[in-house]
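**Q** So here's entry02.txt (compact mmCIF, C-alpha atoms).
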```txt
# COMPACT_ATOMS: atom_id res chain seq x y z
CA MET A 1 72.81 26.40 17.96
CA SER A 2 72.62 23.95 20.87
CA LYS A 3 70.33 24.22 23.90
CA GLN A 4 73.28 25.02 26.16
CA LYS A 5 74.21 28.02 24.00
CA SER A 6 70.56 29.21 24.07
CA LYS A 7 70.58 29.17 27.87
CA LYS A 8 73.81 31.19 27.92
CA TRP A 9 72.21 33.77 25.62
CA ARG A 10 69.23 34.12 27.95
CA VAL A 11 71.46 34.67 30.98
CA VAL A 12 73.41 37.30 29.08
CA LEU A 13 70.17 39.01 28.06
CA TYR A 14 68.89 39.06 31.64
CA VAL A 15 72.12 40.63 32.87
CA ILE A 16 72.15 43.22 30.07
CA GLY A 17 68.50 44.02 30.70
CA ALA A 18 69.06 44.55 34.40
CA LEU A 19 72.05 46.79 33.83
CA LEU A 20 70.20 48.80 31.23
CA LEU A 21 67.24 49.32 33.54
CA PHE A 22 69.50 50.82 36.13
CA GLY A 23 71.14 52.90 33.44
CA VAL A 24 67.82 54.16 32.18
CA LYS A 25 66.71 55.12 35.68
CA TYR A 26 69.76 57.23 36.36
CA ALA A 27 69.70 58.65 32.83
CA PHE A 28 66.17 60.01 33.23
CA GLU A 29 67.08 61.57 36.55
CA SER A 30 69.94 63.50 34.95
CA SER A 31 68.70 64.24 31.46
CA VAL A 32 65.60 63.32 29.52
CA GLY A 33 67.38 63.20 26.15
CA PHE A 34 70.16 61.00 27.38
CA GLY A 35 67.60 58.70 28.99
CA ILE A 36 65.70 58.30 25.71
CA PHE A 37 68.92 57.48 23.89
CA THR A 38 69.86 54.90 26.50
CA LEU A 39 66.42 53.34 26.30
CA ILE A 40 66.64 52.90 22.53
CA ALA A 41 70.10 51.32 22.87
CA ALA A 42 68.76 48.92 25.48
CA LEU A 43 65.87 47.90 23.23
CA LEU A 44 68.27 47.16 20.37
CA LEU A 45 70.56 45.12 22.57
CA ILE A 46 67.61 43.05 23.71
CA ALA A 47 65.95 42.74 20.28
CA ILE A 48 68.93 41.40 18.28
CA PRO A 49 69.66 38.27 20.41
CA THR A 50 65.92 37.70 20.90
CA ILE A 51 65.33 37.63 17.14
CA SER A 52 68.20 35.13 16.69
CA ILE A 53 66.69 32.85 19.31
CA ILE A 54 63.28 33.01 17.64
CA ARG A 55 64.79 32.16 14.23
CA GLU A 56 66.72 29.26 15.76
CA LYS A 57 63.53 27.80 17.26
CA SER A 58 61.66 28.13 13.97
CA SER A 59 64.46 26.37 12.03
CA ASP A 60 64.59 23.59 14.59
CA SER A 61 60.85 23.05 14.37
CA GLY A 62 61.02 22.76 10.57
CA ARG A 63 63.94 20.38 10.47
CA THR A 64 63.26 16.66 10.10
CA THR A 65 64.97 14.56 12.70
CA SER A 66 67.38 12.04 11.14
CA ALA A 67 68.69 8.79 12.48
CA SER A 68 72.06 10.41 13.15
CA ASP A 69 70.41 12.91 15.54
CA VAL A 70 69.01 10.18 17.76
CA SER A 71 71.26 8.57 20.31
CA TYR A 72 70.13 5.07 21.11
CA THR A 73 71.79 2.63 23.45
CA PRO A 74 70.32 -0.87 23.42
CA ALA A 75 69.40 -2.54 26.65
CA PRO A 76 72.08 -4.83 28.06
CA PRO A 77 71.59 -8.50 27.26
CA LYS A 78 70.69 -11.05 29.87
CA GLY A 79 73.43 -11.73 32.37
CA TYR A 80 74.64 -8.07 32.55
CA THR A 81 73.64 -6.10 35.66
CA SER A 82 74.56 -2.62 34.43
CA GLN A 83 74.86 -0.64 31.22
CA LYS A 84 78.60 -0.06 31.83
CA GLN A 85 79.24 -3.78 31.52
CA PHE A 86 77.75 -3.79 28.04
CA VAL A 87 79.25 -1.51 25.38
CA PRO A 88 77.70 -2.27 21.99
CA ALA A 89 79.91 -2.10 18.90
CA LYS A 90 79.40 0.87 16.61
CA SER A 91 78.68 -1.44 13.72
CA SER A 92 78.45 -5.18 13.56
CA PRO A 93 78.49 -6.27 9.91
CA THR A 94 76.67 -9.40 8.94
CA PRO A 95 79.20 -12.24 8.75
CA THR A 96 79.92 -13.38 5.17
CA PRO A 97 79.49 -17.09 4.63
CA ALA A 98 82.67 -18.98 3.80
CA VAL A 99 83.34 -19.44 0.06
CA ALA A 100 85.20 -22.42 -1.30
CA ALA A 101 88.68 -21.53 -2.57
CA LYS A 102 89.00 -21.23 -6.33
CA PRO A 103 92.06 -22.29 -8.30
CA SER A 104 94.35 -19.34 -8.87
CA ILE A 105 95.17 -18.65 -12.51
CA SER A 106 96.86 -15.27 -12.14
CA ARG A 107 100.33 -16.81 -12.19
CA TYR A 108 99.66 -18.24 -15.65
CA TYR A 109 98.97 -14.91 -17.35
CA TYR A 110 101.01 -13.34 -20.12
CA THR A 111 104.69 -14.01 -20.51
CA ASP A 112 106.58 -10.73 -20.35
CA TYR A 113 108.31 -10.58 -23.72
CA THR A 114 110.70 -7.63 -23.92
CA ARG A 115 110.30 -7.23 -27.69
CA LEU A 116 107.54 -8.01 -30.14
CA SER A 117 110.08 -9.96 -32.19
CA ASP A 118 110.39 -12.41 -29.28
CA PHE A 119 107.13 -13.99 -30.40
CA PRO A 120 107.92 -17.73 -30.55
CA THR A 121 108.29 -19.50 -33.89
CA SER A 122 107.12 -22.82 -32.43
CA TYR A 123 104.01 -22.94 -30.28
CA VAL A 124 100.53 -24.38 -29.81
CA CYS A 125 97.54 -22.16 -30.57
CA ILE A 126 94.36 -22.96 -28.60
CA ASP A 127 90.75 -21.81 -28.74
CA PHE A 128 87.58 -22.81 -26.88
CA GLU A 129 83.88 -22.33 -27.42
CA THR A 130 82.04 -22.27 -24.10
CA THR A 131 78.58 -22.06 -22.54
CA GLY A 132 79.38 -18.60 -21.13
CA LEU A 133 82.06 -16.17 -20.03
CA TYR A 134 82.92 -17.40 -16.52
CA PRO A 135 85.27 -20.40 -16.21
CA GLU A 136 84.28 -21.14 -12.61
CA ASN A 137 80.63 -21.66 -13.60
CA ASP A 138 80.55 -22.27 -17.36
CA ARG A 139 82.07 -25.16 -19.34
CA ILE A 140 83.96 -25.80 -22.56
CA THR A 141 81.85 -27.15 -25.43
CA ASP A 142 84.38 -27.12 -28.29
CA ALA A 143 88.17 -27.37 -27.96
CA ALA A 144 90.79 -27.02 -30.68
CA ALA A 145 94.54 -26.56 -31.00
CA ALA A 146 97.20 -26.35 -33.69
CA ARG A 147 100.86 -27.24 -33.21
CA VAL A 148 103.15 -24.87 -35.11
CA VAL A 149 106.86 -25.52 -35.72
CA ASP A 150 108.99 -22.82 -37.35
CA GLY A 151 105.88 -20.94 -38.42
CA GLN A 152 104.19 -23.94 -40.06
CA ILE A 153 101.19 -25.93 -38.80
CA VAL A 154 102.28 -29.56 -38.36
CA ASP A 155 99.30 -31.00 -36.47
CA THR A 156 95.84 -30.07 -35.20
CA TYR A 157 93.49 -31.27 -32.48
CA THR A 158 89.73 -30.70 -32.17
CA SER A 159 86.88 -32.18 -30.13
CA LEU A 160 83.43 -31.31 -28.89
CA VAL A 161 83.11 -31.55 -25.12
CA HIS A 162 80.22 -32.86 -23.03
CA SER A 163 79.03 -30.15 -20.67
CA PRO A 164 76.87 -30.40 -17.54
CA VAL A 165 75.92 -26.76 -18.17
CA ALA A 166 73.28 -26.29 -20.84
CA ILE A 167 74.00 -24.16 -23.90
CA SER A 168 71.73 -21.13 -24.17
CA ALA A 169 69.88 -20.30 -27.36
CA PHE A 170 72.02 -17.19 -27.82
CA VAL A 171 75.29 -19.11 -27.61
CA SER A 172 73.92 -21.87 -29.82
CA ASN A 173 73.00 -19.34 -32.50
CA LEU A 174 76.46 -17.76 -32.23
CA THR A 175 78.56 -20.92 -32.41
CA GLY A 176 76.23 -23.38 -34.11
CA ILE A 177 76.82 -25.88 -31.28
CA THR A 178 73.67 -27.37 -29.75
CA ASN A 179 73.00 -29.36 -26.61
CA GLU A 180 72.22 -32.37 -28.79
CA MET A 181 75.66 -32.16 -30.44
CA ILE A 182 77.54 -32.34 -27.13
CA SER A 183 75.24 -34.86 -25.45
CA THR A 184 77.38 -37.78 -26.68
CA ALA A 185 80.73 -35.90 -26.82
CA PRO A 186 83.77 -36.94 -24.72
CA GLU A 187 83.88 -35.85 -21.11
CA GLU A 188 85.79 -32.71 -20.14
CA ASN A 189 88.51 -34.56 -18.19
CA ASP A 190 89.33 -36.76 -21.20
CA VAL A 191 89.49 -33.82 -23.62
CA ILE A 192 91.65 -31.71 -21.31
CA ARG A 193 94.02 -34.63 -20.72
CA ASP A 194 94.45 -35.09 -24.48
CA LEU A 195 94.83 -31.36 -25.06
CA ILE A 196 97.53 -30.89 -22.41
CA ALA A 197 99.41 -33.86 -23.86
CA PHE A 198 99.07 -32.27 -27.32
CA ILE A 199 100.55 -28.99 -26.01
CA GLY A 200 103.54 -30.67 -24.40
CA ASP A 201 106.38 -28.28 -23.59
CA LEU A 202 105.55 -25.68 -26.23
CA PRO A 203 104.33 -22.19 -25.30
CA VAL A 204 100.61 -21.52 -25.73
CA ILE A 205 99.23 -18.69 -27.82
CA GLY A 206 95.68 -17.56 -28.48
CA TYR A 207 93.55 -14.59 -29.37
CA ASN A 208 92.61 -12.91 -26.09
CA VAL A 209 94.35 -15.91 -24.61
CA SER A 210 93.46 -15.07 -21.00
CA PHE A 211 89.88 -16.15 -21.73
CA ASP A 212 90.95 -19.56 -23.02
CA LEU A 213 93.58 -20.00 -20.31
CA GLY A 214 90.98 -19.34 -17.65
CA PHE A 215 88.82 -22.23 -18.89
CA LEU A 216 91.87 -24.43 -19.46
CA HIS A 217 93.18 -23.93 -15.94
CA TYR A 218 89.84 -24.46 -14.23
CA ALA A 219 89.24 -27.60 -16.26
CA ALA A 220 92.76 -28.86 -15.52
CA HIS A 221 92.22 -28.13 -11.84
CA ARG A 222 89.05 -30.20 -11.84
CA ALA A 223 90.93 -33.01 -13.56
CA SER A 224 94.00 -32.64 -11.25
CA LEU A 225 96.25 -32.00 -14.24
CA PRO A 226 99.19 -29.57 -14.66
CA CYS A 227 98.83 -26.54 -16.90
CA PRO A 228 101.18 -24.90 -19.37
CA ARG A 229 102.67 -21.66 -18.05
CA GLU A 230 104.38 -19.88 -20.95
CA ASN A 231 101.86 -18.12 -23.16
CA PHE A 232 101.46 -15.23 -25.55
CA ASP A 233 98.43 -13.14 -26.48
CA VAL A 234 98.05 -12.51 -30.21
CA GLN A 235 95.52 -9.73 -29.60
CA SER A 236 98.07 -7.78 -27.56
CA TYR A 237 100.59 -8.56 -30.30
CA ALA A 238 98.20 -7.05 -32.87
CA LYS A 239 97.61 -3.92 -30.77
CA LYS A 240 101.35 -3.27 -30.58
CA GLY A 241 102.07 -4.22 -34.18
CA LEU A 242 99.04 -2.45 -35.68
CA PRO A 243 98.56 0.67 -33.54
CA GLY A 244 95.64 2.95 -34.24
CA ARG A 245 93.28 0.37 -35.71
CA PRO A 246 89.55 1.03 -35.07
CA GLY A 247 89.00 -2.48 -33.65
CA TYR A 248 91.00 -5.51 -32.59
CA LYS A 249 88.52 -8.36 -32.78
CA LEU A 250 89.91 -11.42 -34.53
CA GLU A 251 87.76 -10.88 -37.61
CA ASN A 252 88.86 -7.22 -37.85
CA VAL A 253 92.56 -8.02 -37.68
CA ALA A 254 92.16 -10.94 -40.09
CA GLU A 255 90.41 -8.69 -42.59
CA TYR A 256 93.11 -6.02 -42.29
CA LEU A 257 95.87 -8.61 -42.84
CA SER A 258 93.93 -10.23 -45.74
CA VAL A 259 93.66 -13.55 -43.91
CA ASP A 260 91.00 -15.98 -45.12
CA GLN A 261 88.45 -16.69 -42.40
CA PRO A 262 86.76 -20.09 -42.37
CA GLU A 263 83.64 -20.75 -40.31
CA ALA A 264 83.80 -18.23 -37.46
CA HIS A 265 83.07 -19.01 -33.79
CA ARG A 266 84.10 -22.62 -34.06
CA ALA A 267 87.23 -23.52 -32.17
CA LEU A 268 89.33 -25.02 -34.98
CA ALA A 269 88.36 -22.27 -37.44
CA ASP A 270 89.40 -19.57 -34.97
CA VAL A 271 92.65 -21.41 -34.25
CA LEU A 272 93.58 -21.49 -37.95
CA THR A 273 92.70 -17.79 -38.33
CA THR A 274 94.74 -16.88 -35.24
CA VAL A 275 97.82 -18.75 -36.49
CA ALA A 276 97.59 -17.06 -39.90
CA CYS A 277 97.26 -13.63 -38.27
CA ALA A 278 100.16 -14.32 -35.89
CA GLU A 279 102.50 -15.29 -38.72
CA LYS A 280 101.54 -12.27 -40.83
CA LEU A 281 101.98 -10.03 -37.82
CA ARG A 282 105.48 -11.43 -37.41
CA GLY A 283 106.50 -9.84 -40.73
CA VAL A 284 104.70 -6.58 -39.94
CA VAL A 285 106.34 -6.33 -36.53
CA ALA A 286 109.77 -7.19 -37.93
CA GLU A 287 109.50 -4.24 -40.32
CA ILE A 288 108.31 -1.95 -37.51
CA GLU A 289 111.26 -2.92 -35.33
CA ARG A 290 113.64 -2.53 -38.27
CA GLN A 291 112.42 1.02 -38.81
CA LYS A 292 112.79 1.74 -35.09
CA ALA A 293 116.33 0.37 -35.17
CA ILE A 294 117.18 2.56 -38.16
CA ALA A 295 115.83 5.63 -36.37
CA GLU A 296 117.79 4.82 -33.22
CA TYR A 297 120.94 4.03 -35.19
CA ASP A 298 120.70 7.26 -37.16
CA PHE A 299 120.06 9.25 -33.99
CA GLN A 300 123.14 7.81 -32.28
CA ASN A 301 125.41 8.49 -35.25
CA ALA A 302 123.90 11.70 -36.60
CA TYR A 303 125.60 13.90 -34.03
CA VAL A 304 129.11 12.49 -34.24
CA ASP A 305 131.37 15.36 -35.22
CA TYR A 306 134.19 13.47 -36.90
CA LYS A 307 136.27 16.62 -37.34
CA SER A 308 136.36 17.12 -33.58
CA PHE A 309 138.53 14.06 -32.93
CA VAL A 310 142.10 15.12 -32.19
CA PRO A 311 144.94 13.13 -30.60
CA THR A 312 144.79 12.93 -26.82
CA VAL A 313 148.27 11.41 -26.52
CA ASP A 314 151.52 13.31 -26.09
CA HIS A 315 153.14 11.91 -29.20
CA VAL A 316 151.74 10.55 -32.47
CA ASP A 317 153.93 8.03 -34.21
CA GLU A 318 154.31 8.76 -37.89
CA ASN A 319 155.02 5.05 -38.47
CA SER A 320 151.50 4.18 -37.41
CA PRO A 321 149.58 2.27 -40.12
CA LEU A 322 146.80 4.86 -39.77
CA PHE A 323 148.96 7.99 -39.81
CA GLY A 324 147.52 10.45 -42.31
CA LYS A 325 144.85 7.94 -43.40
CA ARG A 326 141.13 8.56 -43.54
CA VAL A 327 139.15 5.80 -41.79
CA VAL A 328 135.40 5.21 -42.08
CA PHE A 329 133.34 2.84 -39.92
CA THR A 330 130.15 1.05 -40.88
CA GLY A 331 127.91 -1.22 -38.82
CA THR A 332 128.08 -1.77 -35.07
CA MET A 333 131.44 -2.38 -33.42
CA SER A 334 131.63 -5.30 -31.00
CA ARG A 335 134.94 -4.47 -29.33
CA MET A 336 134.28 -0.79 -28.54
CA THR A 337 131.88 2.01 -29.39
CA ARG A 338 132.26 3.92 -32.62
CA ILE A 339 133.25 7.07 -30.73
CA ASP A 340 136.05 5.20 -28.94
CA ALA A 341 137.16 3.70 -32.25
CA CYS A 342 137.28 7.16 -33.81
CA GLN A 343 139.40 8.44 -30.93
CA LEU A 344 141.73 5.48 -31.34
CA VAL A 345 142.18 6.38 -35.01
CA ALA A 346 142.96 9.99 -34.07
CA ASN A 347 145.52 8.90 -31.46
CA LEU A 348 147.26 6.84 -34.14
CA GLY A 349 147.48 9.83 -36.45
CA GLY A 350 144.50 8.94 -38.63
CA GLN A 351 141.41 10.93 -39.55
CA PRO A 352 138.02 9.37 -38.69
CA TRP A 353 135.35 10.24 -41.23
CA GLY A 354 131.63 9.71 -41.64
CA VAL A 355 131.25 9.12 -45.38
CA VAL A 356 133.14 7.10 -47.97
CA THR A 357 134.96 9.30 -50.47
CA LYS A 358 137.69 8.89 -53.04
CA GLY A 359 140.29 9.72 -50.38
CA THR A 360 139.13 7.05 -47.90
CA ALA A 361 141.93 4.63 -47.03
CA TYR A 362 140.10 2.09 -44.84
CA LEU A 363 136.45 1.10 -44.49
CA VAL A 364 136.05 -0.88 -41.25
CA VAL A 365 133.01 -3.16 -41.04
CA GLY A 366 131.75 -3.69 -37.48
CA GLU A 367 131.04 -7.23 -36.32
CA GLY A 368 128.33 -6.38 -33.79
CA GLU A 369 124.64 -6.34 -34.61
CA MET A 370 123.97 -5.94 -38.31
CA SER A 371 123.35 -2.37 -39.33
CA PRO A 372 119.64 -1.70 -39.90
CA HIS A 373 120.66 -0.09 -43.19
CA ALA A 374 122.18 -3.34 -44.46
CA ASP A 375 120.39 -5.38 -47.10
CA ALA A 376 119.48 -9.05 -46.77
CA SER A 377 123.07 -10.10 -47.51
CA GLY A 378 124.48 -7.73 -44.86
CA VAL A 379 125.88 -5.13 -47.31
CA THR A 380 125.57 -1.54 -46.07
CA ARG A 381 125.36 1.60 -48.16
CA LYS A 382 128.94 2.54 -47.26
CA MET A 383 130.14 -0.86 -48.47
CA GLN A 384 128.36 -0.25 -51.77
CA GLN A 385 129.98 3.19 -52.04
CA ALA A 386 133.42 1.68 -51.41
CA ASP A 387 132.82 -0.80 -54.25
CA GLU A 388 131.76 2.05 -56.53
CA TRP A 389 134.91 4.06 -55.74
CA ARG A 390 137.15 1.04 -56.24
CA ALA A 391 135.54 0.52 -59.64
CA LYS A 392 136.67 4.08 -60.46
CA GLY A 393 140.26 3.33 -59.44
CA SER A 394 140.27 4.29 -55.77
CA ALA A 395 142.48 2.20 -53.43
CA ILE A 396 139.94 1.92 -50.61
CA LYS A 397 140.59 -1.16 -48.50
CA THR A 398 137.70 -2.82 -46.65
CA LEU A 399 138.63 -4.42 -43.34
CA THR A 400 136.56 -6.43 -40.94
CA GLU A 401 136.63 -5.32 -37.33
CA THR A 402 138.89 -8.26 -36.49
CA GLU A 403 141.34 -7.37 -39.28
CA PHE A 404 141.37 -3.73 -38.22
CA PHE A 405 142.24 -4.47 -34.59
CA ARG A 406 144.73 -7.17 -35.60
CA MET A 407 146.57 -4.55 -37.67
CA ILE A 408 146.65 -2.19 -34.68
CA ASP A 409 147.69 -4.94 -32.25
CA GLU A 410 150.55 -5.97 -34.53
CA TYR A 411 151.69 -2.35 -34.73
CA GLU A 412 151.55 -1.93 -30.95
CA SER A 413 153.48 -5.18 -30.45
CA SER A 414 156.20 -4.16 -32.89
CA LYS A 415 156.38 -0.76 -31.21
CA VAL A 416 156.99 -2.36 -27.82
CA ILE A 417 159.73 -4.59 -29.21
CA TYR A 418 161.38 -1.60 -30.92
CA GLU A 419 161.33 0.44 -27.68
CA LYS A 420 162.91 -2.42 -25.73
CA GLU A 421 165.74 -2.68 -28.25
```
Produce structure tokens that represent the structure in this file.

**A**
Amino acid sequence: MSKQKSKKWRVVLYVIGALLLFGVKYAFESSVGFGIFTLIAALLLIAIPTISIIREKSSDSGRTTSASDVSYTPAPPKGYTSQKQFVPAKSSPTPTPAVAAKPSISRYYYTDYTRLSDFPTSYVCIDFETTGLYPENDRITDAAAARVVDGQIVDTYTSLVHSPVAISAFVSNLTGITNEMISTAPEENDVIRDLIAFIGDLPVIGYNVSFDLGFLHYAAHRASLPCPRENFDVQSYAKKGLPGRPGYKLENVAEYLSVDQPEAHRALADVLTTVACAEKLRGVVAEIERQKAIAEYDFQNAYVDYKSFVPTVDHVDENSPLFGKRVVFTGTMSRMTRIDACQLVANLGGQPWGVVTKGTAYLVVGEGEMSPHADASGVTRKMQQADEWRAKGSAIKTLTETEFFRMIDEYESSKVIYEKE
């Protein structure tokens, strides 16, 4: 409670006390009992606010004064004649000294591949050993790269790098690279120039490639050289292709994929391991995406009710080449969706069907994306069933999508000519 409120309480108490005194006086004159009652009431009215004031004073005396309770206005500086002319700021933070601008590398980070199968078949894999973790302060001590064309290593590059930053004992024990080893090594600018020329126009890959790209871009900036932009992280590739693994360090993934690991924590050795893991992951990811495609394909076609297709035209021509014929589709259609193709068959008097049976007249093979159920030669299960029925004497005719629509187009053309005549 503030001091102003305490003063108001005292004024109220004085007024109440005065009124009660007059009340007590008149009460005693009229009746002793009523006067005693009034006196007790007056004492209570006085005691309650008084006790609250006493408690307030005791709490204030026990409370430690904080900096926020003290209002302090500094004296005006020289040249100001009054306090009104000088209004100090509430807070004046200490100015931060200017920091030299650092080269931005954010625009070089991962290429946004829409599918895991977009991983390039030709690329350059890079790896660096460094004096530390921070590219703006630390330096490269060992650089390596491998050029891969169509999944095969065709050339490699490796070089130690002279560093003005000393190698710590910890890093030296980890990599096996000592300060003596790099004392006579080529300078950073020369190595980076050779490495960028080695990369050329190919995309760059690496394991946790952002680490290597950070050092590459800072080194290239110091040497006033351009940097490659397109890149791909094999570690991210492994996390998507091998979900649920307990760890995704290079040695863990290599062990899981049964990849031989040469001397670890040397740049060229890690490059060779990364390339081997990337190429094995390509097969793993291809199978994962094939299974996903099968699931999606089955989901899209599992709920097609072939018996529900009925003609939506006013008249069905009995001379149609599909009239009374059962037609089965396999694979993805390129000209229209399977549902539209089934409706077309129904409008021409045919019966779309989902499985190949002895009574199937036409099996139409779509020319869109290959069915995920097809084997390496592009033969689907329905195509195999048609061959089996033909071997038993059935007259099933297999048509490509082009042949199927050519047959319909020829029928429509002849129909138009007949109507004109």

**Q** Of the candidates A:Leu250, A:Val316, A:Ile167, A:Ile199, which shows the shortest atom-to-atom distance to A:Pro226, using only C-alpha atoms?

**A**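 Ranking A:Leu250, A:Val316, A:Ile167, A:Ile199 by distance to A:Pro226, first place goes to A:Ile199.
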
**Q** May I have the residues within 12 Å of A:Thr178 as a list in words, using only C-alpha atoms and disregarding those fewer than 2 positions away in the same chain?

**A**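 Returned residues: Glu129, Thr130, Thr131, Thr141, Asp142, Leu160, Val161, His162, Ser163, Val165, Ala166, Ile167, Ser168, Ala169, Phe170, Val171, Ser172, Asn173, Leu174, Thr175, Gly176, Glu180, Met181, Ile182, Ser183, Thr184 and Ala185 of chain A.
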
**Q** So, counting all atoms listed in the file, which residue among A:Gly366, A:Leu348, A:Thr121, A:Thr312 is closest to A:Met333?

**A**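 Distance minimum relative to A:Met333 lands on A:Gly366.
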
**Q** Work out how far apart atom CA of A:Ser224 and atom CA of A:Ile192 are and give it in Å to one decimal.

**A**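 Atom CA of A:Ile192 lies at a distance of 10.4 Å from atom CA of A:Ser224.
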
**Q** In file coordinates, which residues lie within 12 Å of (94.3, -20.2, -36.6) using only C-alpha atoms, given as a short mmCIF file (atom, residue, chain, number, x, y, z; two decimals) with C-alpha atoms, in the coordinates of the input?

**A**
```
data_model
loop_
_atom_site.label_atom_id
_atom_site.label_comp_id
_atom_site.auth_asym_id
_atom_site.auth_seq_id
_atom_site.Cartn_x
_atom_site.Cartn_y
_atom_site.Cartn_z
CA TYR A 123 104.01 -22.94 -30.28
CA VAL A 124 100.53 -24.38 -29.81
CA CYS A 125 97.54 -22.16 -30.57
CA ILE A 126 94.36 -22.96 -28.60
CA ASP A 127 90.75 -21.81 -28.74
CA ALA A 144 90.79 -27.02 -30.68
CA ALA A 145 94.54 -26.56 -31.00
CA ALA A 146 97.20 -26.35 -33.69
CA ARG A 147 100.86 -27.24 -33.21
CA VAL A 148 103.15 -24.87 -35.11
CA GLY A 151 105.88 -20.94 -38.42
CA GLN A 152 104.19 -23.94 -40.06
CA ILE A 153 101.19 -25.93 -38.80
CA ASP A 155 99.30 -31.00 -36.47
CA THR A 156 95.84 -30.07 -35.20
CA TYR A 157 93.49 -31.27 -32.48
CA ILE A 205 99.23 -18.69 -27.82
CA GLY A 206 95.68 -17.56 -28.48
CA TYR A 207 93.55 -14.59 -29.37
CA VAL A 234 98.05 -12.51 -30.21
CA LEU A 250 89.91 -11.42 -34.53
CA GLU A 251 87.76 -10.88 -37.61
CA ALA A 254 92.16 -10.94 -40.09
CA VAL A 259 93.66 -13.55 -43.91
CA ASP A 260 91.00 -15.98 -45.12
CA GLN A 261 88.45 -16.69 -42.40
CA PRO A 262 86.76 -20.09 -42.37
CA GLU A 263 83.64 -20.75 -40.31
CA ALA A 264 83.80 -18.23 -37.46
CA HIS A 265 83.07 -19.01 -33.79
CA ARG A 266 84.10 -22.62 -34.06
CA ALA A 267 87.23 -23.52 -32.17
CA LEU A 268 89.33 -25.02 -34.98
CA ALA A 269 88.36 -22.27 -37.44
CA ASP A 270 89.40 -19.57 -34.97
CA VAL A 271 92.65 -21.41 -34.25
CA LEU A 272 93.58 -21.49 -37.95
CA THR A 273 92.70 -17.79 -38.33
CA THR A 274 94.74 -16.88 -35.24
CA VAL A 275 97.82 -18.75 -36.49
CA ALA A 276 97.59 -17.06 -39.90
CA CYS A 277 97.26 -13.63 -38.27
CA ALA A 278 100.16 -14.32 -35.89
CA GLU A 279 102.50 -15.29 -38.72
CA LYS A 280 101.54 -12.27 -40.83
#
```

**Q** Need to verify the contact set: A:Gly214, 7 Å, all atoms listed in the file, exclusion of same-chain residues closer than 3 positions in sequence. Can you return it as a ChimeraX atom specification?

**A** /A:105,135,210-211,217-218

**Q** Can you tell me which residues surround A:Ser320 at a distance of at most 9 Å, considering only C-alpha atoms, apart from same-chain residues fewer than 5 positions away, and format the answer as a list in words?

**A**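 Final neighbour list, sorted by chain and number: Leu348, Gly349, Gly350, Ile408, Tyr411 and Glu412 of chain A.
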
**Q** What separation in Å, quoted to one decimal, exists between atom CA of A:Asn208 and atom CA of A:Glu289?

**A** 23.1 Å

**Q** Do you have the atom CA of A:Leu322-atom CA of A:Leu399 distance handy?

**A**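 Computed distance, atom CA of A:Leu322 to atom CA of A:Leu399, equals 12.9 Å.
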
**Q** Would you place a box with edges along x, y and z of the file around all atoms of stretch 207-217 of chain A listed there, add 4 Å to each of its six sides, and report the centre and edge lengths in Å to one decimal, as JSON?

**A**
```
{"center_x": 91.6, "center_y": -18.7, "center_z": -22.7, "size_x": 13.5, "size_y": 19.5, "size_z": 21.4}
```

**Q** Please check which residues have atoms at most 6 Å from (92.8, -32.8, -27.2) in the file's coordinates, counting only C-alpha atoms, and write them as a PDB file with C-alpha atoms, in the coordinates of the input.

**A**
```pdb
ATOM      1  CA  TYR A 157      93.490 -31.270 -32.480  1.00  0.00           C
ATOM      2  CA  VAL A 191      89.490 -33.820 -23.620  1.00  0.00           C
ATOM      3  CA  ASP A 194      94.450 -35.090 -24.480  1.00  0.00           C
ATOM      4  CA  LEU A 195      94.830 -31.360 -25.060  1.00  0.00           C
TER       5      LEU A 195
END
```

**Q** Mind checking which residues fall within 10 Å of A:Lys382, counting all atoms listed in the file, ignoring those fewer than 4 positions away in the same chain, and posting them as a VMD selection string?

**A** chain A and resid 328 to 331 354 to 357 363 to 365 373 to 374 386 to 388

**Q** Provide stretch 330-336 of chain A rebuilt to N, CA and C atoms, formatted as an mmCIF file, keeping the file's coordinate frame.

**A**
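File written: part.cif
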```
data_model
loop_
_atom_site.group_PDB
_atom_site.id
_atom_site.type_symbol
_atom_site.label_atom_id
_atom_site.label_comp_id
_atom_site.auth_asym_id
_atom_site.auth_seq_id
_atom_site.Cartn_x
_atom_site.Cartn_y
_atom_site.Cartn_z
ATOM 1 N N THR A 330 131.526 1.385 -40.532
ATOM 2 C CA THR A 330 130.150 1.050 -40.880
ATOM 3 C C THR A 330 129.689 -0.122 -40.024
ATOM 4 N N GLY A 331 128.420 -0.142 -39.686
ATOM 5 C CA GLY A 331 127.910 -1.220 -38.820
ATOM 6 C C GLY A 331 128.248 -0.954 -37.361
ATOM 7 N N THR A 332 127.879 -1.881 -36.506
ATOM 8 C CA THR A 332 128.080 -1.770 -35.070
ATOM 9 C C THR A 332 129.364 -2.476 -34.655
ATOM 10 N N MET A 333 130.201 -1.779 -33.905
ATOM 11 C CA MET A 333 131.440 -2.380 -33.420
ATOM 12 C C MET A 333 131.137 -3.261 -32.210
ATOM 13 N N SER A 334 131.833 -4.383 -32.124
ATOM 14 C CA SER A 334 131.630 -5.300 -31.000
ATOM 15 C C SER A 334 132.681 -5.110 -29.912
ATOM 16 N N ARG A 335 133.842 -4.585 -30.285
ATOM 17 C CA ARG A 335 134.940 -4.470 -29.330
ATOM 18 C C ARG A 335 134.892 -3.151 -28.558
ATOM 19 N N MET A 336 134.406 -2.099 -29.183
ATOM 20 C CA MET A 336 134.280 -0.790 -28.540
ATOM 21 C C MET A 336 133.233 0.021 -29.287
#
```
